[in-house]
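Before any comments, here is the structure.
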Amino acid sequence: MAVAARTPLIAGNWKMNLDHLQAVAFVQKLHWTLKDAKHESESVETAVFPPFTDIRSVQTLIDADKIPFALGAQDLSVHDSGAYTGEVSGAFLAKLDATYVIIGHSERREYHAESDAVVAAKVKAALKHGLVPVICVGETAADLEEHGASAVPVSQLEAALEGVPASADIVVAYEPVWAIGSGQAATPQQAQDVCAALRGVIAKVLGDEAAARTRILYGGSVKSANIASFMREPDVDGALVGGASLDANEFAAIIRFEKHVGV
C-alpha cells in the first residue's frame, strides 16, 4: 500500500482544558513557534480539537490570520437537532468549518458508557454532515491480558465501520487505554502491529483503496522524544496527542518530527 500518498496528521486533543481566550493565545503561540522554526505546513497536517466553547474563537483566528491548522471537535450528537439538551449537532460543527470530529474516545466510552452502537451512529452522523470522523479504538490493560493487543480495537473498528460507504473519508486512532496519560507509551512495534491489523479491517470492510488512503494515528503518551520512532512505522500515519498538545513548544516539536529526528 502506498505510504507516500498519506499526509501525516498530528492532532491535538485538548480535552476539557483552555477557555476561549486561552485557546486563542495558545493557537497564536503555536503558529508563531512553527513559523519561527520554518515549519513547512504542507508536509504535515496539524489539527486542533478545542472544547465546544472555544471553537468559534479558534475558527475566527484561523480564518483571519490564515493559520494552516485544521479544526476539529471532541464529540458530536447522533441527532441533527431537537430536544436534546446539552448536545451538539454535526450540522452546527460543519457551519463552524470544523473538518474533523473525535468519536469513541476512550474517555467517552468509559465515563459516558458509549457503546460500539453509539460510536457507529456518531460516525454516520459525522459523515452525514461532511465531517471526517476520527474513530478511536483501543484496549484496556485487562483487555490486553485477556484478548491480546489487537482483538478489542479490531472488533471496535468493525462495529464503527458498519454501513459506512467505501468512499468515506475517515481517520482511525489507535489509543491503548493503558498508555493514555500513563507516561508509558506502547512500543513502536506494538503500535505498528495493531495499526496494521486495523488497516486490514478497513481493507476488509471498505476495500483496498480505502485502506491505502486512510490515515491511522497512534495516541497514548505521545511526546517529542518518541514521536519519530512511531512515525517510522509503515502503518502509523500520525498521532492523536493529549497532554503534550497543551504545551505549545512541545506540540510544535511533535509536529516537526521530520526535522528534529530523521525519519
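Please note that chains go A, B, ... in the order of the C-alpha cells, that every chain numbers its residues from 1, and that ligands are numbered from 1 in the order shown.
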Using only C-alpha atoms, which protein or nucleic acid residues come within 6 Å of range 178-191 of chain A? Drop anything in the same chain fewer than 6 positions from it, and give the result as number ranges by chain.
A: 140-141, 220-221, 230
Per-residue DSSP, range 119-263 of chain A, filtered to strand (DSSP E), as a PDB file with N, CA and C atoms, in the first residue's frame:
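part02.pdb, written as the output of this step:
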ATOM      1  N   VAL A 132     -15.122  14.680   9.005  1.00  0.00           N
ATOM      2  CA  VAL A 132     -14.282  13.472   8.971  1.00  0.00           C
ATOM      3  C   VAL A 132     -14.216  12.901  10.393  1.00  0.00           C
ATOM      4  N   PRO A 133     -14.772  11.709  10.618  1.00  0.00           N
ATOM      5  CA  PRO A 133     -14.700  11.141  11.959  1.00  0.00           C
ATOM      6  C   PRO A 133     -13.300  10.616  12.261  1.00  0.00           C
ATOM      7  N   VAL A 134     -12.801  10.964  13.434  1.00  0.00           N
ATOM      8  CA  VAL A 134     -11.559  10.374  13.932  1.00  0.00           C
ATOM      9  C   VAL A 134     -12.010   9.282  14.900  1.00  0.00           C
ATOM     10  N   ILE A 135     -12.049   8.056  14.402  1.00  0.00           N
ATOM     11  CA  ILE A 135     -12.644   6.939  15.140  1.00  0.00           C
ATOM     12  C   ILE A 135     -11.601   6.347  16.072  1.00  0.00           C
ATOM     13  N   CYS A 136     -11.849   6.468  17.382  1.00  0.00           N
ATOM     14  CA  CYS A 136     -10.889   5.986  18.375  1.00  0.00           C
ATOM     15  C   CYS A 136     -11.211   4.561  18.796  1.00  0.00           C
ATOM     16  N   VAL A 137     -10.184   3.742  18.819  1.00  0.00           N
ATOM     17  CA  VAL A 137     -10.317   2.364  19.272  1.00  0.00           C
ATOM     18  C   VAL A 137      -9.121   2.041  20.158  1.00  0.00           C
ATOM     19  N   VAL A 171     -10.627   8.863   9.578  1.00  0.00           N
ATOM     20  CA  VAL A 171      -9.326   8.691  10.223  1.00  0.00           C
ATOM     21  C   VAL A 171      -9.558   7.710  11.366  1.00  0.00           C
ATOM     22  N   VAL A 172      -8.592   6.845  11.618  1.00  0.00           N
ATOM     23  CA  VAL A 172      -8.682   5.911  12.738  1.00  0.00           C
ATOM     24  C   VAL A 172      -7.565   6.249  13.722  1.00  0.00           C
ATOM     25  N   ALA A 173      -7.877   6.253  15.012  1.00  0.00           N
ATOM     26  CA  ALA A 173      -6.858   6.499  16.034  1.00  0.00           C
ATOM     27  C   ALA A 173      -6.810   5.308  16.980  1.00  0.00           C
ATOM     28  N   TYR A 174      -5.630   4.674  17.031  1.00  0.00           N
ATOM     29  CA  TYR A 174      -5.425   3.574  17.986  1.00  0.00           C
ATOM     30  C   TYR A 174      -4.864   4.169  19.270  1.00  0.00           C
ATOM     31  N   ARG A 215      -5.741   7.371   6.977  1.00  0.00           N
ATOM     32  CA  ARG A 215      -4.676   7.579   7.951  1.00  0.00           C
ATOM     33  C   ARG A 215      -5.039   6.946   9.295  1.00  0.00           C
ATOM     34  N   ILE A 216      -4.064   6.253   9.869  1.00  0.00           N
ATOM     35  CA  ILE A 216      -4.229   5.623  11.175  1.00  0.00           C
ATOM     36  C   ILE A 216      -3.229   6.267  12.131  1.00  0.00           C
ATOM     37  N   LEU A 217      -3.752   6.836  13.207  1.00  0.00           N
ATOM     38  CA  LEU A 217      -2.932   7.551  14.173  1.00  0.00           C
ATOM     39  C   LEU A 217      -2.671   6.683  15.399  1.00  0.00           C
ATOM     40  N   TYR A 218      -1.569   6.991  16.095  1.00  0.00           N
ATOM     41  CA  TYR A 218      -1.324   6.385  17.402  1.00  0.00           C
ATOM     42  C   TYR A 218      -1.550   7.446  18.468  1.00  0.00           C
ATOM     43  N   GLY A 238       0.440   9.214  11.914  1.00  0.00           N
ATOM     44  CA  GLY A 238       0.322  10.430  12.693  1.00  0.00           C
ATOM     45  C   GLY A 238       0.028  10.098  14.140  1.00  0.00           C
ATOM     46  N   ALA A 239      -0.401  11.123  14.891  1.00  0.00           N
ATOM     47  CA  ALA A 239      -0.633  10.928  16.317  1.00  0.00           C
ATOM     48  C   ALA A 239      -1.822  11.740  16.788  1.00  0.00           C
ATOM     49  N   LEU A 240      -2.556  11.148  17.733  1.00  0.00           N
ATOM     50  CA  LEU A 240      -3.596  11.874  18.466  1.00  0.00           C
ATOM     51  C   LEU A 240      -2.972  12.181  19.822  1.00  0.00           C
ATOM     52  N   VAL A 241      -2.639  13.449  20.030  1.00  0.00           N
ATOM     53  CA  VAL A 241      -1.837  13.860  21.182  1.00  0.00           C
ATOM     54  C   VAL A 241      -2.744  14.479  22.235  1.00  0.00           C
TER      55      VAL A 241
END
Using Å and a single decimal, report how far CA of Phe52 in chain A sits from CA of Asp19 in chain A.
9.8 Å
For Ser57 in chain A, the closest of A:Glu87, A:Glu258, A:Asp97, A:Asp36 counting only C-alpha atoms is A:Asp97
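Compared by their closest atoms to Arg108 in chain A, and using only C-alpha atoms, the residues A:Gln74, A:Asn17, A:Thr60, A:Ser245 rank with A:Gln74 nearest.
Nearest to Ala11 in chain A of all the residues A:Ala94, A:Val154, A:Val222, A:Gly148 is A:Val222, counting only C-alpha atoms.
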Write out as a PyMOL selection string the residues lying within 7 Å of Asp80 in chain A, counting only C-alpha atoms and excluding same-chain residues fewer than 3 positions away.
chain A and resi 89-91
Would you output that residue set with C-alpha atoms, as a PDB file, in the first residue's frame?
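For reference, again07.pdb as written:
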ATOM      1  CA  SER A  89     -25.164  18.635  16.277  1.00  0.00           C
ATOM      2  CA  GLY A  90     -22.760  17.850  13.478  1.00  0.00           C
ATOM      3  CA  ALA A  91     -24.666  20.445  11.442  1.00  0.00           C
TER       4      ALA A  91
END
Between CA of Gly200 in chain A and CA of Ala5 in chain A, distance in Å (one decimal):
17.5 Å
So that I can see what lies close to Ala125 in chain A, please list as a count of residues only the residues with an atom at most 7 Å from it, counting only C-alpha atoms and leaving out residues fewer than 3 positions away in the same chain.
6
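The shortest atom-to-atom distance to Glu233 in chain A, with only C-alpha atoms taken into account, belongs to A:Asp193 out of A:Asp193, A:Ala73, A:Ala253, A:Leu30.
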